[in-house]
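**Student:** Please read through the structure below; I'll follow up with questions.
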Number of protein chains: 2
Amino acid sequence: MSVSRVAIIGLGLLGGSVGLAIRERLPECETTGFDCDPLVRERARERGLVESVCETAQDAVRDAELVILCVPVGAMAAAAADLAPALADGAIVSDVGSSKKTVGETLRAVLPQAIVIPAHPVAGTERSGPDAGFASLFHNRWCILTPDQDVPEEAIGRLSDFWTALGAKVEIMDAAHHDLVLAVTSHIPHLIAFTIVGTASDLEEVTRSEVIKYSAGGFRDFTRIAASDPTMWRDVFLSNRDAVLETLGRFSEDLTAMQRAVRSGDGETLFRLFERTRAIRRSIVEQGQDDARPDFGRADH
Amino acid sequence: MSVSRVAIIGLGLLGGSVGLAIRERLPECETTGFDCDPLVRERARERGLVESVCETAQDAVRDAELVILCVPVGAMAAAAADLAPALADGAIVSDVGSSKKTVGETLRAVLPQAIVIPAHPVAGTERSGPDAGFASLFHNRWCILTPDQDVPEEAIGRLSDFWTALGAKVEIMDAAHHDLVLAVTSHIPHLIAFTIVGTASDLEEVTRSEVIKYSAGGFRDFTRIAASDPTMWRDVFLSNRDAVLETLGRFSEDLTAMQRAVRSGDGETLFRLFERTRAIRRSIVEQGQDDARPDFGRADH
């Protein structure tokens, strides 16, 4: 077994799912957990997200070989400082945050005694809180580790085995590159979705009830990801600013080109783009990263 | 029964679904159909999308009380001209196009002998072609009719009853207002999705294979709608130019404000928007316009 005792700090969608996945797939691994919200701790006990929900972070991490911080990126420094005094020397400290460069810097600064290996399981839903997690969340999803060069191979191997056991596929990547890749595949799509949902609800000429009624024409897909946890996403954008702004700049240029094509009636430019994007969809379905049923089967209900 | 003989011109996702829905829900209604592509006609016969697949549009519409044009908006004029000589006086001519003002003008100009009632069932999937249709596509979806003021109430009532029989909920709306509402709830989301998928596949620093691998972080939702039929969507943007440009302008302003908030580290502005957009999602799920399961149940597979 890669690790025999894991502490989970933060028991929302991600933390809860890690706990439930361990229970299902690594039943001999002991789990402790903590959340700074007493109501979340209570609900975590009721659902059995971890074997032992502790009243302090220090109680949770004492004797843990692996500590996983499942808190918003902006709360990482405080959460790490809170547990620091009780952390065993040589414990592996990891996380599940969506940006990795600033998180790695923060954890290494606050926890010099730990082996820090930032991690990002690319999985989630629009739900949040202690009721949102489920054991299969990481199944067939990628988990990206971004260790510094001086991290021992053995520790990387143990964390990698841990995530593989939970059903994920592991990839090692440079933190800066991770942040750029995720800016494209996750952060910018979320920022755009949040923005268009805001735009739609602010129009004077179209009522909010009309927007909701006719959302099946495409808009509803954006509202799903725009329902994600606000605190988590605020922190993602603030902590991955450079890559987000760089990618957003490219997108804006491309959107301006499309706008020009619409204005000038240039159907050929529109058609060329629209045809090209189908191929990417096909690859995503082929590689098991999405459901091939039309409309994800929604239309059948 | 509201109509006893319906002709469907264009046997792709929408035309095929209309045919299959009639067979299931209005079994006494006779259906004929035509598609300008002989391979589509062949496949339509094999699937039984309509009772009789004709070799010409004129054969299909002869004796039809209701003709539904299910062709891309840009092909509407040619399709209408093609069937015009065989159209019975007083037949109702309708369509399923995503923009309504230009379509209505076109049909009224080409078919002065017909009762033109443009229609838009707000339903679809990313699939296209004669294999894509299914009988329940319109179930619990809105169908918007945009008749001119001089159209007889009786004809509007018959078309409305027809769509209601197919499972849709009918709404009457001014064509220009329809085009603005749909620019927001459908056209702009599609244009944005097409654009971001293009942006992602053009980046030099991030490979296409990385974009595909890590798409579960949000990007895949955009690729689904960016896989929709290119011809159909080109025509939508060209035929609803003014409303699309107006809405796109608002979106761009809002996106610039978000960009500024990210650049200046203004977490409060980001948080305020992100929190607001959740409420809209909740209403969409409550009103049955989307599936409430996290991730539409995808994560359970």
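Order determines the names: the first chain of the structure tokens is A, the second B, and so forth; residues in each chain are numbered 1 upward, and ligands are numbered 1 upward as they are shown.
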What's the 6 Å shell around Thr185 of chain B, counting only C-alpha atoms, without same-chain residues fewer than 5 positions away, as a PyMOL selection string?
**Tutor:** chain A and resi 211+215+219
**Student:** Could you find all residues in segment 79-236 of chain B that DSSP calls helix (DSSP H, G or I) from the backbone, and write them as a PyMOL selection string?
**Tutor:** chain B and resi 79-86+101-110+153-165+175-202+208-213+215-217+219-225+230-236
**Student:** Taking the DSSP secondary structure from the backbone, can you list the residues of segment 3-56 of chain A that are strand (DSSP E), as an MDAnalysis selection string?
**Tutor:** chainID A and resid 5:9 30:34 52:53
**Student:** Those same residues - C-alpha atoms - I'd like them written as a PDB file, in the first residue's frame.
**Tutor:**
```
ATOM      1  CA  ARG A   5      -2.731   7.145   6.893  1.00  0.00           C
ATOM      2  CA  VAL A   6      -4.186  10.150   5.068  1.00  0.00           C
ATOM      3  CA  ALA A   7      -5.448  13.440   6.486  1.00  0.00           C
ATOM      4  CA  ILE A   8      -7.908  15.467   4.435  1.00  0.00           C
ATOM      5  CA  ILE A   9      -8.181  19.178   5.224  1.00  0.00           C
ATOM      6  CA  GLU A  30      -6.884   5.136   7.696  1.00  0.00           C
ATOM      7  CA  THR A  31      -8.445   8.559   7.118  1.00  0.00           C
ATOM      8  CA  THR A  32      -8.796  11.602   9.310  1.00  0.00           C
ATOM      9  CA  GLY A  33     -10.280  14.917   8.292  1.00  0.00           C
ATOM     10  CA  PHE A  34     -10.961  18.490   9.333  1.00  0.00           C
ATOM     11  CA  SER A  52     -12.403  10.318  12.013  1.00  0.00           C
ATOM     12  CA  VAL A  53     -13.484  13.945  11.728  1.00  0.00           C
TER      13      VAL A  53
END
```
**Student:** Mind checking which residues fall within 8 Å of Arg234 of chain A, counting only C-alpha atoms, ignoring those fewer than 5 positions away in the same chain, and posting them as a ChimeraX atom specification?
**Tutor:** /B:267,270-271,274
**Student:** Point out the residue among B:Ile156, B:Val40, B:Val262, B:Ala175 with the least atom-to-atom distance to chain A, counting only C-alpha atoms.
**Tutor:**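 Comparing B:Ile156, B:Val40, B:Val262, B:Ala175 against chain A, the winner is B:Val262.
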**Student:** Do a neighbour search on Trp163 of chain B at 10 Å with only C-alpha atoms, toss out local chain neighbours closer than 4 positions, and write the hits as a ChimeraX atom specification.
**Tutor:** /B:2,18,21-22,119,121,138-139,142-145,158-159,167-170
**Student:** Which polymer residues have any atom within 9 Å of an atom of Ser98 of chain B, counting only C-alpha atoms, with same-chain residues fewer than 6 positions away left out, as a PyMOL selection string?
**Tutor:** chain B and resi 72-73+119-122+179+182+186-187+232-233+236+240
**Student:** Go ahead and save the picked residues with N, CA, C and O atoms, as a PDB file, in the first residue's frame.
**Tutor:**
```
ATOM      1  N   PRO B  72     -31.267  24.362 -43.522  1.00  0.00           N
ATOM      2  CA  PRO B  72     -30.560  25.515 -42.953  1.00  0.00           C
ATOM      3  C   PRO B  72     -31.204  26.819 -43.408  1.00  0.00           C
ATOM      4  O   PRO B  72     -31.749  26.892 -44.523  1.00  0.00           O
ATOM      5  N   VAL B  73     -31.145  27.833 -42.568  1.00  0.00           N
ATOM      6  CA  VAL B  73     -31.810  29.099 -42.844  1.00  0.00           C
ATOM      7  C   VAL B  73     -31.402  29.675 -44.205  1.00  0.00           C
ATOM      8  O   VAL B  73     -32.235  30.215 -44.939  1.00  0.00           O
ATOM      9  N   ALA B 119     -41.606  29.157 -37.298  1.00  0.00           N
ATOM     10  CA  ALA B 119     -41.596  28.510 -35.988  1.00  0.00           C
ATOM     11  C   ALA B 119     -40.177  28.099 -35.621  1.00  0.00           C
ATOM     12  O   ALA B 119     -39.343  27.850 -36.495  1.00  0.00           O
ATOM     13  N   HIS B 120     -39.912  28.047 -34.316  1.00  0.00           N
ATOM     14  CA  HIS B 120     -38.593  27.634 -33.849  1.00  0.00           C
ATOM     15  C   HIS B 120     -38.728  26.771 -32.596  1.00  0.00           C
ATOM     16  O   HIS B 120     -38.896  27.298 -31.497  1.00  0.00           O
ATOM     17  N   PRO B 121     -38.661  25.453 -32.777  1.00  0.00           N
ATOM     18  CA  PRO B 121     -38.607  24.603 -31.588  1.00  0.00           C
ATOM     19  C   PRO B 121     -37.211  24.720 -30.974  1.00  0.00           C
ATOM     20  O   PRO B 121     -36.208  24.435 -31.627  1.00  0.00           O
ATOM     21  N   VAL B 122     -37.143  25.183 -29.713  1.00  0.00           N
ATOM     22  CA  VAL B 122     -35.842  25.406 -29.065  1.00  0.00           C
ATOM     23  C   VAL B 122     -35.362  24.073 -28.492  1.00  0.00           C
ATOM     24  O   VAL B 122     -35.506  23.772 -27.309  1.00  0.00           O
ATOM     25  N   ASP B 179     -35.597  36.962 -32.244  1.00  0.00           N
ATOM     26  CA  ASP B 179     -34.206  36.955 -32.700  1.00  0.00           C
ATOM     27  C   ASP B 179     -33.248  37.508 -31.648  1.00  0.00           C
ATOM     28  O   ASP B 179     -32.103  37.054 -31.547  1.00  0.00           O
ATOM     29  N   LEU B 182     -33.085  34.775 -28.742  1.00  0.00           N
ATOM     30  CA  LEU B 182     -32.270  33.620 -29.123  1.00  0.00           C
ATOM     31  C   LEU B 182     -30.812  33.981 -29.364  1.00  0.00           C
ATOM     32  O   LEU B 182     -29.927  33.140 -29.205  1.00  0.00           O
ATOM     33  N   SER B 186     -28.834  31.349 -27.294  1.00  0.00           N
ATOM     34  CA  SER B 186     -28.361  30.284 -28.162  1.00  0.00           C
ATOM     35  C   SER B 186     -27.240  30.718 -29.108  1.00  0.00           C
ATOM     36  O   SER B 186     -26.195  30.092 -29.168  1.00  0.00           O
ATOM     37  N   HIS B 187     -27.445  31.818 -29.836  1.00  0.00           N
ATOM     38  CA  HIS B 187     -26.488  32.154 -30.888  1.00  0.00           C
ATOM     39  C   HIS B 187     -25.136  32.577 -30.320  1.00  0.00           C
ATOM     40  O   HIS B 187     -24.088  32.089 -30.747  1.00  0.00           O
ATOM     41  N   MET B 232     -25.611  25.013 -40.762  1.00  0.00           N
ATOM     42  CA  MET B 232     -26.737  25.585 -40.036  1.00  0.00           C
ATOM     43  C   MET B 232     -26.307  26.825 -39.269  1.00  0.00           C
ATOM     44  O   MET B 232     -26.950  27.870 -39.325  1.00  0.00           O
ATOM     45  N   TRP B 233     -25.167  26.718 -38.569  1.00  0.00           N
ATOM     46  CA  TRP B 233     -24.760  27.836 -37.717  1.00  0.00           C
ATOM     47  C   TRP B 233     -24.224  29.021 -38.498  1.00  0.00           C
ATOM     48  O   TRP B 233     -24.459  30.172 -38.137  1.00  0.00           O
ATOM     49  N   VAL B 236     -27.261  30.880 -39.422  1.00  0.00           N
ATOM     50  CA  VAL B 236     -27.880  31.570 -38.293  1.00  0.00           C
ATOM     51  C   VAL B 236     -27.208  32.921 -38.065  1.00  0.00           C
ATOM     52  O   VAL B 236     -27.867  33.954 -37.925  1.00  0.00           O
ATOM     53  N   ASN B 240     -29.080  36.538 -38.618  1.00  0.00           N
ATOM     54  CA  ASN B 240     -29.489  37.264 -37.408  1.00  0.00           C
ATOM     55  C   ASN B 240     -28.385  38.227 -36.976  1.00  0.00           C
ATOM     56  O   ASN B 240     -28.088  38.386 -35.797  1.00  0.00           O
TER      57      ASN B 240
END
```
**Student:** List as a list in words the protein and nucleic acid residues near Gly288 of chain B, meaning an atom at most 10 Å away when only C-alpha atoms are counted, but skip any in the same chain fewer than 6 places from it.
**Tutor:**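 Counting only C-alpha atoms, the residues come to Ile212, Lys213 and Ala216 of chain A; Asn140 and Arg141 of chain B.
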**Student:** Any chance you can output those residues with N, CA, C and O atoms as a short mmCIF file (atom, residue, chain, number, x, y, z; two decimals), in the first residue's frame?
**Tutor:**
```cif
data_model
loop_
_atom_site.label_atom_id
_atom_site.label_comp_id
_atom_site.auth_asym_id
_atom_site.auth_seq_id
_atom_site.Cartn_x
_atom_site.Cartn_y
_atom_site.Cartn_z
N ILE A 212 -34.29 32.01 -19.08
CA ILE A 212 -34.41 30.68 -18.46
C ILE A 212 -35.25 29.75 -19.33
O ILE A 212 -34.88 28.60 -19.58
N LYS A 213 -36.37 30.28 -19.83
CA LYS A 213 -37.27 29.45 -20.64
C LYS A 213 -36.58 28.87 -21.87
O LYS A 213 -36.78 27.70 -22.22
N ALA A 216 -32.47 26.01 -23.41
CA ALA A 216 -32.07 24.74 -24.01
C ALA A 216 -31.37 24.93 -25.35
O ALA A 216 -30.80 23.98 -25.89
N ASN B 140 -41.22 18.62 -23.69
CA ASN B 140 -41.00 19.63 -22.65
C ASN B 140 -40.10 20.79 -23.10
O ASN B 140 -39.55 21.50 -22.29
N ARG B 141 -39.95 20.96 -24.41
CA ARG B 141 -39.19 22.10 -24.94
C ARG B 141 -40.16 23.14 -25.48
O ARG B 141 -41.28 22.82 -25.85
#
```
**Student:** Taking only C-alpha atoms into account, name the residue in B:Ile117, B:Ala64, B:Ala109, B:Leu13 that is nearest to chain A.
**Tutor:**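 Going through B:Ile117, B:Ala64, B:Ala109, B:Leu13 one by one, the smallest distance to chain A is for B:Leu13.
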**Student:** Could you check the closest approach to chain A for each of B:Gly218, B:Phe162, B:Cys36, B:Thr247 and tell me which residue wins, using only C-alpha atoms?
**Tutor:**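 Counting only C-alpha atoms, the residue closest to chain A is B:Gly218.
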**Student:** Counting only C-alpha atoms, figure out which residue out of A:Ile92, A:Leu26, A:Val61, A:Ala243 gets nearest to Ala176 of chain A.
**Tutor:**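 Between A:Ile92, A:Leu26, A:Val61, A:Ala243, the residue approaching Ala176 of chain A most closely is A:Ala243.
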**Student:** Atom CA of Gly15 of chain B to atom CA of Val116 of chain B: how many Å, to one decimal?
**Tutor:** 17.8 Å
